[in-house]
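What follows is one structure encoded as structure tokens, with my remarks underneath.
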Amino acid sequence: MNLGNGIKMIGAYSLLMKRVFAKPEKWRIFWRYFFIELDKLCIQTIPLIMIISVAVGAVLVVQTASNIESPFIPKMYVGYMVRESLVLEFSSTLIALLLAGKVGSNIASELGSMRITEQIDAMEMMGINSAGFLILPKISAATLFNPFMMLISFICGLIGGWLMVASSGLITVEEYVNGLQFAYNPYFISYSMVKMAIFSLIITSVSSFYGYNATNGSLGVGQSSTRAIVVCSFLILITNLFITNVML
Amino acid sequence: MQFFDSDNKLVHYKCDALVRMITVSHIWKFFGEQTVLSDISSTFETGKANLIIGASGSGKTVLLKTMIGLHKADKGEIFYDSISFGAMSAPEQRLLRQQMGILFQGSALFDFATVEENIRFPMDFFTDWNTEQKRDRVAFCLKRVNLSNVQRLYPSELSGGMQKRVGIARAIALNPKYLFCDEPNSGLDPQTAIIIDELIYEITQEFQMTTIINTHDMNSVMAIGDKLIFIHKGVKAWEGAKDEVIHADCPTLNDFVFASKLARKIKENTIAP
């Protein structure tokens, strides 16, 4: 992709977002689809996020405990390290990358299929702002709810660590809990939730952009889905760097 | 628009036939350096089935999509009731689109919605009808296309012919002035295709709509072609009524219409002294 194409794409994305954030034709219809998308994009993803977070929390305990060799480092640092790893990076950035794969491909392929089967054209011909109707509920549902998904992931990660500590005896449960409470900074939670909200905005809007503009039949739908995931992942990493520099 | 009388009963209304005409004037359309439509002009009349015919790739779908605003004409104008579509503001175009019913080639029913929700979709956006009124209108539209007990089914659960009927029901949900059909019987068996053609024709006459149908199906041409426009390589090569086709002296039209041996035989027998 050369610079000219990149600028064109940013322009097309901006124009699409202008249509997306136009006032909904009927708020009642917007709220109906908001809750449908909330269920589809967020609620149905919770079990997956919970399982992964518990597993990662447990692995973090094992890895941290087995790497603390110095007798001068208190064992409670295992809990501290697990908490900081989860809240600062895993529960926001890595979960966002996972959502880019699951939710991003879902959105891109859904909108892409609607595009190639002329369903979006049909809406436009009815005089409906198809971009606003189809994309705004997705963006708003994910952006508003996913910060809470970060909290769920964080709590599940801590529980996973606790389960590992309790079952393996690498450290005592008291040491783990003391570590979790050590040097606790509530700002990190806010920081992580803000990151997740921004990542969710990126995932839903960029995936929608690629799906909405899909061409070349079913092959094009697959390509738009792949591109959406790649671009979302790249943007999440770049934005993560930027937000971290600004907020921490 | 008013579909219910003072007693909340569903009513039909018929507008003055003179105010539903569509005129295309010197339309040109290019895709890159390729000329897809060259200087096409015609008038589409009210209460008639106006058929745009031509071989695949001749430009008829581009013409139809240009007329409804999905493509922008590079030159020329399209007039709805003598008002230029290009000169209308975006809100005016949007209002006009609410008076258009469109049946897409693949039906374009919304996968996420049931049959009832598909037909109710434009009503949800553009009317203040209550649930009962919408349900009445959905039932009326389904009855009009000879479907019953399908309200709760999803498009994927319907046959191709049923999907077309639901597409027509959705297209007439708001009692449009203009009905556009892109290859309405493609992919259907001959009997179902004839039923769909007849249905579109009946609806056109009943509601006095200006109906424009894109097709390359000769059965449709002979059955409902009140007015035909033949497009060949982006150029309007012939225009007339279905009865005039048999005597037309347009070689490209004859090659297209009488492509089969059977059709040529029928023509020879018809025009033989």
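Ordering of the structure tokens sets the chain letters (A, B, ...), residue numbers begin anew at 1 in every chain, and ligands are numbered from 1 in the order given.
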Determine which residues of chain A sit within 12 Å of chain B, taking into account only C-alpha atoms, and present them as number ranges by chain.
A: 24-30, 32-33, 36-37, 110-111, 113-130, 133-134
Residues near Phe35 of chain A, cut-off 12 Å, only C-alpha atoms, skip fewer than 6 positions along chain, as a ChimeraX atom specification
/A:28-29,41-43,136-142,144-145
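In this structure, atom CA of Arg120 of chain B sits 9.8 Å away from atom CA of Ala169 of chain B.
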Compile the contact shell of Gly157 of chain A as a VMD selection string: residues with an atom at most 7 Å away, counting only C-alpha atoms, same-chain residues fewer than 5 positions apart removed.
chain A and resid 53 to 54 56 to 57 86
For those residues, write N, CA and C atoms to a file as a compact mmCIF listing (two decimals), in the first residue's frame.
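Below is the file that was written, selection_38.txt:
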```txt
# COMPACT_ATOMS: atom_id res chain seq x y z
N SER A 53 -8.40 -15.88 30.65
CA SER A 53 -7.83 -15.08 31.74
C SER A 53 -7.45 -15.97 32.92
N VAL A 54 -8.30 -16.93 33.26
CA VAL A 54 -7.98 -17.85 34.36
C VAL A 54 -6.70 -18.61 34.03
N VAL A 56 -4.28 -17.79 31.92
CA VAL A 56 -3.09 -16.91 31.90
C VAL A 56 -2.68 -16.53 33.33
N GLY A 57 -3.66 -16.24 34.19
CA GLY A 57 -3.36 -15.93 35.59
C GLY A 57 -2.59 -17.07 36.25
N LEU A 86 -1.39 -8.38 34.70
CA LEU A 86 -2.78 -8.46 34.25
C LEU A 86 -3.35 -7.07 34.00
```
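Around Leu158 of chain A, within 8 Å and counting only C-alpha atoms, the residues found are Val54, Gly57, Val82, Arg83, Phe154, Ile155, Gly161 and Trp162 of chain A, once anything fewer than 3 positions away on its own chain is removed.
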Using only C-alpha atoms, which residues sit within 12 Å of Ile27 of chain B once same-chain residues fewer than 6 positions away are excluded, as number ranges by chain?
B: 35-42, 59, 62-64, 66-67, 71-79, 86, 234-236
Resulting file, chosen residues, N, CA and C atoms, as an mmCIF file, in the first residue's frame:
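The result, stored in out.cif:
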```
data_model
loop_
_atom_site.group_PDB
_atom_site.id
_atom_site.type_symbol
_atom_site.label_atom_id
_atom_site.label_comp_id
_atom_site.auth_asym_id
_atom_site.auth_seq_id
_atom_site.Cartn_x
_atom_site.Cartn_y
_atom_site.Cartn_z
ATOM 1 N N THR B 35 -16.449 2.771 -21.654
ATOM 2 C CA THR B 35 -17.768 3.404 -21.739
ATOM 3 C C THR B 35 -18.828 2.325 -21.550
ATOM 4 N N VAL B 36 -19.599 2.448 -20.485
ATOM 5 C CA VAL B 36 -20.593 1.413 -20.171
ATOM 6 C C VAL B 36 -21.975 1.792 -20.703
ATOM 7 N N LEU B 37 -22.294 3.067 -20.648
ATOM 8 C CA LEU B 37 -23.567 3.551 -21.211
ATOM 9 C C LEU B 37 -23.281 4.736 -22.117
ATOM 10 N N SER B 38 -23.850 4.699 -23.325
ATOM 11 C CA SER B 38 -23.592 5.778 -24.283
ATOM 12 C C SER B 38 -24.895 6.457 -24.673
ATOM 13 N N ASP B 39 -25.078 7.633 -24.206
ATOM 14 C CA ASP B 39 -26.149 8.517 -24.679
ATOM 15 C C ASP B 39 -27.518 7.828 -24.689
ATOM 16 N N ILE B 40 -27.924 7.334 -23.534
ATOM 17 C CA ILE B 40 -29.210 6.627 -23.460
ATOM 18 C C ILE B 40 -30.315 7.581 -23.033
ATOM 19 N N SER B 41 -31.362 7.618 -23.818
ATOM 20 C CA SER B 41 -32.525 8.442 -23.497
ATOM 21 C C SER B 41 -33.788 7.613 -23.663
ATOM 22 N N SER B 42 -34.719 7.796 -22.745
ATOM 23 C CA SER B 42 -36.007 7.119 -22.882
ATOM 24 C C SER B 42 -36.970 7.623 -21.818
ATOM 25 N N GLY B 59 -24.953 -3.562 -20.068
ATOM 26 C CA GLY B 59 -25.058 -2.284 -19.346
ATOM 27 C C GLY B 59 -26.420 -2.027 -18.741
ATOM 28 N N VAL B 62 -26.286 -1.485 -14.953
ATOM 29 C CA VAL B 62 -25.673 -0.170 -14.673
ATOM 30 C C VAL B 62 -26.701 0.935 -14.907
ATOM 31 N N LEU B 63 -27.485 0.783 -15.976
ATOM 32 C CA LEU B 63 -28.526 1.787 -16.263
ATOM 33 C C LEU B 63 -29.537 1.836 -15.118
ATOM 34 N N LEU B 64 -29.969 0.668 -14.671
ATOM 35 C CA LEU B 64 -30.954 0.614 -13.586
ATOM 36 C C LEU B 64 -30.375 1.232 -12.309
ATOM 37 N N THR B 66 -28.008 3.364 -12.094
ATOM 38 C CA THR B 66 -27.832 4.802 -12.285
ATOM 39 C C THR B 66 -29.169 5.516 -12.069
ATOM 40 N N MET B 67 -30.234 4.890 -12.534
ATOM 41 C CA MET B 67 -31.566 5.512 -12.376
ATOM 42 C C MET B 67 -31.964 5.633 -10.914
ATOM 43 N N HIS B 71 -25.386 4.403 -8.823
ATOM 44 C CA HIS B 71 -24.266 4.923 -9.604
ATOM 45 C C HIS B 71 -24.621 6.355 -10.000
ATOM 46 N N LYS B 72 -23.586 7.162 -10.160
ATOM 47 C CA LYS B 72 -23.827 8.539 -10.589
ATOM 48 C C LYS B 72 -23.549 8.631 -12.090
ATOM 49 N N ALA B 73 -24.479 9.204 -12.820
ATOM 50 C CA ALA B 73 -24.270 9.349 -14.274
ATOM 51 C C ALA B 73 -23.150 10.351 -14.515
ATOM 52 N N ASP B 74 -22.244 10.026 -15.451
ATOM 53 C CA ASP B 74 -21.159 10.967 -15.765
ATOM 54 C C ASP B 74 -21.663 12.118 -16.630
ATOM 55 N N LYS B 75 -22.649 11.833 -17.453
ATOM 56 C CA LYS B 75 -23.306 12.896 -18.239
ATOM 57 C C LYS B 75 -24.781 12.551 -18.302
ATOM 58 N N GLY B 76 -25.607 13.556 -18.517
ATOM 59 C CA GLY B 76 -27.031 13.326 -18.687
ATOM 60 C C GLY B 76 -27.809 13.471 -17.390
ATOM 61 N N GLU B 77 -29.116 13.381 -17.510
ATOM 62 C CA GLU B 77 -29.969 13.601 -16.342
ATOM 63 C C GLU B 77 -31.094 12.573 -16.276
ATOM 64 N N ILE B 78 -31.580 12.373 -15.062
ATOM 65 C CA ILE B 78 -32.719 11.483 -14.841
ATOM 66 C C ILE B 78 -33.805 12.315 -14.177
ATOM 67 N N PHE B 79 -34.984 12.266 -14.745
ATOM 68 C CA PHE B 79 -36.086 13.076 -14.219
ATOM 69 C C PHE B 79 -37.161 12.179 -13.609
ATOM 70 N N GLY B 86 -30.484 14.531 -10.122
ATOM 71 C CA GLY B 86 -29.183 15.101 -9.763
ATOM 72 C C GLY B 86 -29.294 16.454 -9.101
ATOM 73 N N GLY B 234 -23.968 -1.085 -24.323
ATOM 74 C CA GLY B 234 -24.103 0.234 -23.706
ATOM 75 C C GLY B 234 -24.871 1.250 -24.527
ATOM 76 N N VAL B 235 -25.386 0.832 -25.684
ATOM 77 C CA VAL B 235 -26.114 1.769 -26.548
ATOM 78 C C VAL B 235 -27.567 1.309 -26.662
ATOM 79 N N LYS B 236 -28.492 2.251 -26.649
ATOM 80 C CA LYS B 236 -29.892 1.872 -26.868
ATOM 81 C C LYS B 236 -30.056 1.544 -28.348
#
```
Name the residues of segment 1-226 of chain A that fall into alpha helix (DSSP H) according to DSSP on the backbone, using the chain letters and numbers of this document, as a VMD selection string.
chain A and resid 3 to 20 27 to 37 46 to 67 77 to 85 95 to 99 105 to 116 119 to 125 130 to 168 173 to 181 187 to 212 217 to 226
Determine, counting only C-alpha atoms, which protein, DNA and RNA residues have an atom within 9 Å of an atom of Thr114 of chain B; residues of the same chain fewer than 5 positions away are not included. Present the result as number ranges by chain.
B: 119, 150-155
Find the spatial neighbours of Ala248 of chain B, counting only C-alpha atoms, within a cut-off of 12 Å - ignore same-chain residues fewer than 2 positions away - and output them as a compact mmCIF listing (two decimals) with C-alpha atoms, in the first residue's frame.
```txt
# COMPACT_ATOMS: atom_id res chain seq x y z
CA LEU B 228 -39.03 -2.61 -24.26
CA PHE B 230 -32.92 -3.03 -25.93
CA ALA B 237 -30.27 -0.17 -30.04
CA TRP B 238 -34.06 -0.45 -30.17
CA GLU B 239 -37.20 0.69 -28.37
CA GLY B 240 -40.77 -0.43 -28.78
CA ALA B 241 -43.56 -2.73 -27.57
CA LYS B 242 -43.46 -6.51 -27.35
CA ASP B 243 -45.76 -6.85 -30.38
CA GLU B 244 -43.29 -4.89 -32.47
CA VAL B 245 -40.34 -7.15 -31.67
CA ILE B 246 -41.28 -9.76 -34.24
CA CYS B 250 -32.70 -4.30 -35.77
CA PRO B 251 -30.13 -7.08 -36.44
CA THR B 252 -28.66 -7.05 -32.92
CA LEU B 253 -32.15 -7.27 -31.41
CA ASN B 254 -33.08 -10.14 -33.71
CA ASP B 255 -29.86 -11.95 -32.84
CA PHE B 256 -30.67 -11.51 -29.15
CA VAL B 257 -34.39 -12.27 -29.14
CA PHE B 258 -34.38 -15.02 -31.73
CA LYS B 267 -40.60 -15.80 -36.20
CA ILE B 271 -44.11 -13.33 -40.58
```
Could you pull out the strand (DSSP E or B) residues of segment 87-167 of chain B from DSSP and send them as a PDB file with N, CA and C atoms, in the first residue's frame?
```pdb
ATOM      1  N   MET B 100     -39.626   4.560  -3.742  1.00  0.00           N
ATOM      2  CA  MET B 100     -39.167   3.539  -4.689  1.00  0.00           C
ATOM      3  C   MET B 100     -39.212   2.175  -4.001  1.00  0.00           C
ATOM      4  N   GLY B 101     -39.675   1.188  -4.730  1.00  0.00           N
ATOM      5  CA  GLY B 101     -39.562  -0.184  -4.256  1.00  0.00           C
ATOM      6  C   GLY B 101     -38.572  -0.883  -5.162  1.00  0.00           C
ATOM      7  N   ILE B 102     -37.670  -1.638  -4.571  1.00  0.00           N
ATOM      8  CA  ILE B 102     -36.644  -2.274  -5.395  1.00  0.00           C
ATOM      9  C   ILE B 102     -36.542  -3.759  -5.091  1.00  0.00           C
ATOM     10  N   LEU B 103     -36.580  -4.536  -6.153  1.00  0.00           N
ATOM     11  CA  LEU B 103     -36.375  -5.975  -6.016  1.00  0.00           C
ATOM     12  C   LEU B 103     -35.019  -6.294  -6.637  1.00  0.00           C
TER      13      LEU B 103
END
```
If I take atom CA of Val138 of chain B and atom CA of Arg170 of chain B, how far is one from the other in Å, to one decimal?
8.4 Å
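Interatomic distance, atom CA of Ala228 of chain A to atom CA of Asn146 of chain A: 18.7 Å.
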